[in-house]
Amino acid sequence: MSITVPAPDPALAAGLDSPLQVLDLDGSRLPNELLDPHLTDIDESALTSLYVDMVRVRRLDTEAFALTRQGQLVLWPPLLGQEAAQVGPATALGEKDWVFGSYREHGFALLRGADMAEFSRIWKAHAHSGWSPQEIRMAPAQIIIGAQTLHGVGYAMAAKMDGADEVALTAFGDGATSEGDVSEALVWAASFKAPVVFLCQNNQYAISEPVALQSGVPLALRPTGFGIPSMRVDGNDVLAMHAAARLAFDRARSGGGPTFIEAVTYRRGPHTSTDDPKRYREDAELEAWVAKDPLERVERALELMGANMEAVRAEAKIRADQLAKEFRAACEQAVPPVADSIFDEVYAQPTKRLQRQRLEHRAFAASIEAKA
Ligand SMILES: Cc1ncc(C[n+]2csc(CCOP(=O)(O)OP(=O)(O)O)c2C)c(N)n1
Ligand SMILES: [Mg+2]
């Protein structure tokens, strides 16, 4: 018996040949039929605001990285280079929408309004989730690769059943697309037309594994096999990312179901503060991506629009410095939790098993103290 396997429909995917762009490297505006209708209200002031957000996100990232070297944070997964890929979609979210991301989603956390003291607790290893997910409508950072896509789809399906006007965005990496969870999430989303947006930040690496090892086709082609429309977008172009997200949110809100966005970008830093990328990639590759810096491109675009760049840079610096100061102070003032408290944060009513584990843990901790 022979089985005919239909080829994925390339018509479902935009940008396969060349990622969708609306800002050229020199900052000039490139016409784009698909994305332009979603950018009609973006004037100099809106672009300035996106720029300031990216500067703040970058500053939070560099400050946090420095804080790992000063013993203030135990770990940090940097997002340097991925600012546009996060700020574009984060600023397109509605107030009631939800974000289900990985551990690298600091831009989303900041723009969803995470309190810096709460946020710092995660990376000081003081808490599993620093912020209250309900308050900022963002789930805790997910370390299990790809799991958050199932959570996002589940939330979106529930929102649809409730008739709530809410969209879920789930953010994950290129490596995550190799996980079964992501395939399952795509199946559920497609079958139930869930109001969910899959944001794959293709930063070219899963730790040390280059994306070419994970997929022989562009990642944006994969969801088309599930019947999910997708867009391959220049992830260093904040306007293109903003427009693509708006398009996807509009589709989800109007009952059109899921959309997959592949943001083609680059992780300029190490995988985390404990990694050394020099062991698996060439400097020339990094330099080529530095030349596509997402912030500089917007600076050039603003210049072309006639903005007073001195004033724009000064405002961005003041806001970024303020954020860095706030974050540093939060890290320095944080009080470590009592180890025993972890048992209080599992169930509202502790189970017998948990109570037994608490006693075992107390005895163990006491035995260590006795030896010290
Ligand atoms: C299920 C699972 N397998 C393996 C790991 C170990 N791990 C941590 S990060 C990572 C790479 C993820 O790469 P990608 O999805 O591209 O995201 P990025 O770190 O580049 O943002 C792996 C394999 C994990 N956390 N969870
Ligand atoms: Mg990656």
# chains A, B, ... in the order shown; residues from 1 in each chain; ligands from 1

call {"tool": "residues_around", "arguments": {"residues": "A:Leu23", "least_positions_apart": "4", "cutoff": "8 Å", "atoms": "only C-alpha atoms", "output": "PyMOL selection string"}}
result
chain A and resi 27-30+237+239-240+297-298+301

call {"tool": "closest_atom_pairs", "arguments": {"of": "chain A", "to": "ligand 1", "cutoff": "10 Å", "atoms": "only C-alpha atoms and all ligand atoms", "output": "CSV"}}
result
residue,atom,partner,partner_atom_place_in_ligand_line,distance
A:Pro77,CA,ligand 1,19 (O),7.6
A:Pro78,CA,ligand 1,21 (O),8.9
A:Leu79,CA,ligand 1,21 (O),8.0
A:Gln82,CA,ligand 1,21 (O),9.6
A:Gly101,CA,ligand 1,21 (O),9.9
A:Ser102,CA,ligand 1,21 (O),7.3
A:Tyr103,CA,ligand 1,21 (O),7.5
A:Arg104,CA,ligand 1,21 (O),5.9
A:Glu105,CA,ligand 1,21 (O),8.5
A:Gln142,CA,ligand 1,25 (N),8.5
A:Ile143,CA,ligand 1,25 (N),5.0
A:Ile144,CA,ligand 1,26 (N),3.9
A:Ile145,CA,ligand 1,26 (N),4.1
A:Gly146,CA,ligand 1,1 (C),7.0
A:Ala147,CA,ligand 1,1 (C),7.6
A:Ala171,CA,ligand 1,21 (O),9.3
A:Phe172,CA,ligand 1,15 (O),5.9
A:Gly173,CA,ligand 1,15 (O),3.4
A:Asp174,CA,ligand 1,16 (O),3.9
A:Gly175,CA,ligand 1,15 (O),3.4
A:Ala176,CA,ligand 1,15 (O),3.8
A:Thr177,CA,ligand 1,15 (O),6.9
A:Ser178,CA,ligand 1,15 (O),8.2
A:Glu179,CA,ligand 1,1 (C),7.2
A:Gly180,CA,ligand 1,1 (C),9.2
A:Asp181,CA,ligand 1,1 (C),8.8
A:Cys200,CA,ligand 1,15 (O),8.4
A:Gln201,CA,ligand 1,21 (O),7.0
A:Asn202,CA,ligand 1,16 (O),6.5
A:Asn203,CA,ligand 1,20 (O),5.7
A:Gln204,CA,ligand 1,16 (O),7.0
A:Tyr205,CA,ligand 1,20 (O),5.2
A:Ala206,CA,ligand 1,13 (O),3.3
A:Ile207,CA,ligand 1,11 (C),4.8
A:Ser208,CA,ligand 1,11 (C),8.1
A:Glu209,CA,ligand 1,11 (C),8.2
A:Pro210,CA,ligand 1,16 (O),8.7
A:Val211,CA,ligand 1,16 (O),7.7
A:Gln214,CA,ligand 1,16 (O),9.6
A:Tyr266,CA,ligand 1,20 (O),8.8
A:Arg267,CA,ligand 1,20 (O),7.1
A:Pro270,CA,ligand 1,19 (O),9.4
A:His271,CA,ligand 1,19 (O),5.9
A:Thr272,CA,ligand 1,19 (O),8.1

call {"tool": "select_by_dssp", "arguments": {"residues": "stretch 72-281 of chain A", "states": "strand (DSSP E or B)", "output": "number ranges by chain"}}
result
A: 98-100, 138, 168-173, 196-202, 205-206, 209-210, 230-234, 259-264

call {"tool": "write_last_selection", "arguments": {"atoms": "C-alpha atoms", "output": "PDB file, in the first residue's frame"}}
result
ATOM      1  CA  TRP A  98      -1.849  36.388  28.431  1.00  0.00           C
ATOM      2  CA  VAL A  99       1.808  35.510  27.861  1.00  0.00           C
ATOM      3  CA  PHE A 100       3.233  32.009  28.305  1.00  0.00           C
ATOM      4  CA  MET A 138       2.026  36.327  32.327  1.00  0.00           C
ATOM      5  CA  ALA A 168      -2.723  33.882  24.526  1.00  0.00           C
ATOM      6  CA  LEU A 169       0.760  34.424  23.195  1.00  0.00           C
ATOM      7  CA  THR A 170       3.241  31.651  23.754  1.00  0.00           C
ATOM      8  CA  ALA A 171       6.912  32.421  23.237  1.00  0.00           C
ATOM      9  CA  PHE A 172       9.574  29.755  22.762  1.00  0.00           C
ATOM     10  CA  GLY A 173      12.855  29.142  20.984  1.00  0.00           C
ATOM     11  CA  VAL A 196      -3.305  31.689  20.344  1.00  0.00           C
ATOM     12  CA  VAL A 197      -0.184  33.154  18.785  1.00  0.00           C
ATOM     13  CA  PHE A 198       2.945  31.011  18.615  1.00  0.00           C
ATOM     14  CA  LEU A 199       6.011  33.236  18.774  1.00  0.00           C
ATOM     15  CA  CYS A 200       9.133  31.277  17.923  1.00  0.00           C
ATOM     16  CA  GLN A 201      12.235  33.350  18.569  1.00  0.00           C
ATOM     17  CA  ASN A 202      14.709  31.684  16.267  1.00  0.00           C
ATOM     18  CA  TYR A 205      20.918  28.243  18.741  1.00  0.00           C
ATOM     19  CA  ALA A 206      19.574  25.790  21.275  1.00  0.00           C
ATOM     20  CA  GLU A 209      23.168  23.335  18.702  1.00  0.00           C
ATOM     21  CA  PRO A 210      22.701  25.467  15.581  1.00  0.00           C
ATOM     22  CA  SER A 230       2.705  31.376   9.595  1.00  0.00           C
ATOM     23  CA  MET A 231       5.011  34.294   8.968  1.00  0.00           C
ATOM     24  CA  ARG A 232       8.787  34.344   8.878  1.00  0.00           C
ATOM     25  CA  VAL A 233       9.710  37.810  10.065  1.00  0.00           C
ATOM     26  CA  ASP A 234      12.938  39.756  10.511  1.00  0.00           C
ATOM     27  CA  THR A 259      -0.887  31.979  13.854  1.00  0.00           C
ATOM     28  CA  PHE A 260       2.788  31.072  14.037  1.00  0.00           C
ATOM     29  CA  ILE A 261       5.436  33.793  13.859  1.00  0.00           C
ATOM     30  CA  GLU A 262       9.076  32.873  13.388  1.00  0.00           C
ATOM     31  CA  ALA A 263      11.224  35.806  14.469  1.00  0.00           C
ATOM     32  CA  VAL A 264      14.566  35.394  12.724  1.00  0.00           C
TER      33      VAL A 264
END

call {"tool": "select_by_dssp", "arguments": {"residues": "stretch 269-329 of chain A", "states": "helix (DSSP H, G or I)", "output": "VMD selection string"}}
result
chain A and resid 277 to 279 283 to 290 294 to 305 309 to 329

call {"tool": "write_last_selection", "arguments": {"atoms": "C-alpha atoms", "output": "mmCIF file, in the first residue's frame"}}
result
data_model
loop_
_atom_site.group_PDB
_atom_site.id
_atom_site.type_symbol
_atom_site.label_atom_id
_atom_site.label_comp_id
_atom_site.auth_asym_id
_atom_site.auth_seq_id
_atom_site.Cartn_x
_atom_site.Cartn_y
_atom_site.Cartn_z
ATOM 1 C CA PRO A 277 29.677 30.509 23.191
ATOM 2 C CA LYS A 278 33.230 30.937 21.877
ATOM 3 C CA ARG A 279 33.493 27.165 22.115
ATOM 4 C CA ASP A 283 33.290 35.708 15.971
ATOM 5 C CA ALA A 284 32.490 36.575 12.335
ATOM 6 C CA GLU A 285 28.978 35.185 12.729
ATOM 7 C CA LEU A 286 28.384 37.336 15.788
ATOM 8 C CA GLU A 287 29.751 40.431 14.042
ATOM 9 C CA ALA A 288 27.406 39.912 11.082
ATOM 10 C CA TRP A 289 24.454 40.011 13.479
ATOM 11 C CA VAL A 290 25.785 42.963 15.457
ATOM 12 C CA PRO A 294 17.617 46.187 16.237
ATOM 13 C CA LEU A 295 18.086 49.430 18.181
ATOM 14 C CA GLU A 296 20.412 51.154 15.737
ATOM 15 C CA ARG A 297 17.991 50.454 12.903
ATOM 16 C CA VAL A 298 15.231 52.337 14.712
ATOM 17 C CA GLU A 299 17.616 55.181 15.538
ATOM 18 C CA ARG A 300 18.244 55.552 11.802
ATOM 19 C CA ALA A 301 14.524 55.364 11.044
ATOM 20 C CA LEU A 302 13.803 58.086 13.607
ATOM 21 C CA GLU A 303 16.578 60.242 12.156
ATOM 22 C CA LEU A 304 15.011 59.859 8.710
ATOM 23 C CA MET A 305 11.684 60.953 10.203
ATOM 24 C CA MET A 309 17.758 62.178 18.336
ATOM 25 C CA GLU A 310 19.698 63.900 21.075
ATOM 26 C CA ALA A 311 16.469 64.321 23.031
ATOM 27 C CA VAL A 312 15.257 60.798 22.218
ATOM 28 C CA ARG A 313 18.541 59.223 23.357
ATOM 29 C CA ALA A 314 18.585 61.333 26.498
ATOM 30 C CA GLU A 315 15.043 60.293 27.441
ATOM 31 C CA ALA A 316 15.822 56.629 26.753
ATOM 32 C CA LYS A 317 18.947 56.858 28.909
ATOM 33 C CA ILE A 318 17.155 58.424 31.849
ATOM 34 C CA ARG A 319 14.444 55.750 31.778
ATOM 35 C CA ALA A 320 16.962 52.909 31.316
ATOM 36 C CA ASP A 321 19.222 54.186 34.118
ATOM 37 C CA GLN A 322 16.234 54.466 36.431
ATOM 38 C CA LEU A 323 15.202 50.878 35.651
ATOM 39 C CA ALA A 324 18.732 49.548 36.169
ATOM 40 C CA LYS A 325 18.967 51.371 39.512
ATOM 41 C CA GLU A 326 15.638 49.971 40.635
ATOM 42 C CA PHE A 327 16.601 46.444 39.601
ATOM 43 C CA ARG A 328 20.019 46.606 41.272
ATOM 44 C CA ALA A 329 18.514 47.946 44.497
#
